[in-house]
Structure formats: C-alpha cells, structure tokens
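A short worksheet on the structure shown next.
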Amino acid sequence: LLLQSPTGTNTFNVDGQENYGAPNQELVVEGRITAAGLLRKTGSMGKLSLANTNTFGSAALIESGTLEAKGVGVDEALGPGTITMLGSTKLNVRNRSQTVTNSFAIGSGPAPFIASYGCTVTLAGGIDVPAGRSFQFGMSSSSLLVLSNTVTGAGNLLIMRSGTAFTSTNQFTPGNLNVGSAGGIAILDGVSWAAFTNCYTAGYGTGNRQWQMG
C-alpha cells in the first residue's frame, strides 16, 4: 500500500486470486483517502473495496484487478472525476442502487467491465469506447444497468449475465453489439425496434454496426 501526497498517486496494489464465490475476501479500506492526486488500483487478481467517502483530488485509474464501491456511491468512493479502466479490469457496485455520474474512459487491452450485484445502477456519465476497444456491461444475473448518457467512440459493446437498458440511440456505437449467451439481456427503453435495427444489422461478422446473440 503506497500513499503519495500531495502531488503523487494513491496506489493500491492488491494481488492474489479473487474468489467470486466469497465476495467478502478482499482488501477493504474503511478510512477516508484524502491525499491529493490520482487513485490507482493495481494487482491483476486482487479486489480492493472502498467503503467510505473519499476526497482525493483527481480521477481514478483501474489499471488491473477489481475495484468495488462497498456500501457507498461510486462517486463518493472514487470522487467525481473520470474513471479510466484498462484491459480486463472490473468495477463492482454491490447492494446499493444508485446513479453514477462519473464518466468512463476505456483503455487498451481486453474488455473491462462494470457490474452491479443485487441492485440497479444508472450510468449517467458519458462513456468513451475508442475504435478497436470493447466495454462489457454486467457479470451477475442480479445486475441491472441503465444507460442515460451518450456512448462515444467507435468501439464494441458487450452484455453478459445481466440486463442493460439503452434509453437512446446515441448509446449505440459505430462498432458492434454482442448480447452474451450467459444470460445477457439488452433492454430497449424508449428505443423502438425499428430505431435499433436502423443502427445495427444482425451478423456480427467482420464489419461494423452489427449485433449478435451469444
């Protein structure tokens, strides 16, 4: 655990194997993080849970592993800035329905994902998925995610083991949409089927603007 202040990085290196069957096996930070600068989560297999309102002065970078907001809002745990997620990282929201106002930037590597467990999470900040990258929604059958802002970039969107609600066609990227076979559900909330099929065609081959089940 390394805390650097005032202009450094709050770095949490948590490694070891995350146990999905025992979600309480984690490093929990119950105190407040007040050092200025970036919050950076490292450690490819470990889970860090933040359980208090933090006031570090910059954005959050999930560089590897899992970061969880535990009993608090995401914008309380991670501050109001942009959350940058690199390849294969995870952001969990557990047992507290909420509106997340943070924006998301998707970095290089395999698709990172955001998942809610036993709650509904509305994503009210913008999401940027650049071309050649992917972002995954959901990892739990009890998860419901609602998009209420614009998704920019030309990357791909994946839905796995959860319900994800689209409320506008400006959430459909020029990339592809994959609704995963492991219980993924795409919900069109205020978006007609005609509007959806005007944005995507079935197939998910080598082109863009295609959608696929499984």
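A note on labels: chains of the structure tokens are A, B, ... as shown, every chain counts residues from 1, and ligands are counted from 1 in their shown order.
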Next on the checklist: I need the residues of region 64-187 of chain A that end up classed as helix (DSSP H, G or I) by DSSP on the backbone, written out as a list in words.
Outcome noted: Val74, Asp75, Glu76, Ala77, Leu78, Thr169, Asn170 and Gln171 of chain A
Item to check | Nearby residues (only C-alpha atoms) at most 7 Å from Gly65 (chain A), same-chain spacing under 5 positions excluded, as a PyMOL selection string | outcome: chain A and resi 42-47+89-90
Next on the checklist: Env of Tyr204 (chain A): 9 Å cut, atoms = only C-alpha atoms, seq-sep filter 4 positions within chain, self excluded. Answer as a ChimeraX atom specification.
Outcome noted: /A:176-178,208-213
Item to check | Option closest in space to Gly79 (chain A), from A:Ser162, A:Ser192, A:Asn52, A:Thr122 [counting only C-alpha atoms] | outcome: A:Asn52
Item to check | Distance query Thr164 (chain A) at most 7 Å, only C-alpha atoms, self and fewer than 4 positions along chain excluded, as JSON, numbers by chain | outcome: {"A": [137, 144, 145, 146, 159, 185, 186, 187]}
Item to check | Å distance separating CA of Thr167 (chain A) from CA of Leu188 (chain A), one decimal place | outcome: 6.5 Å
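One distance worth recording is that between CA of Thr173 (chain A) and CA of Leu157 (chain A), which is 7.8 Å.
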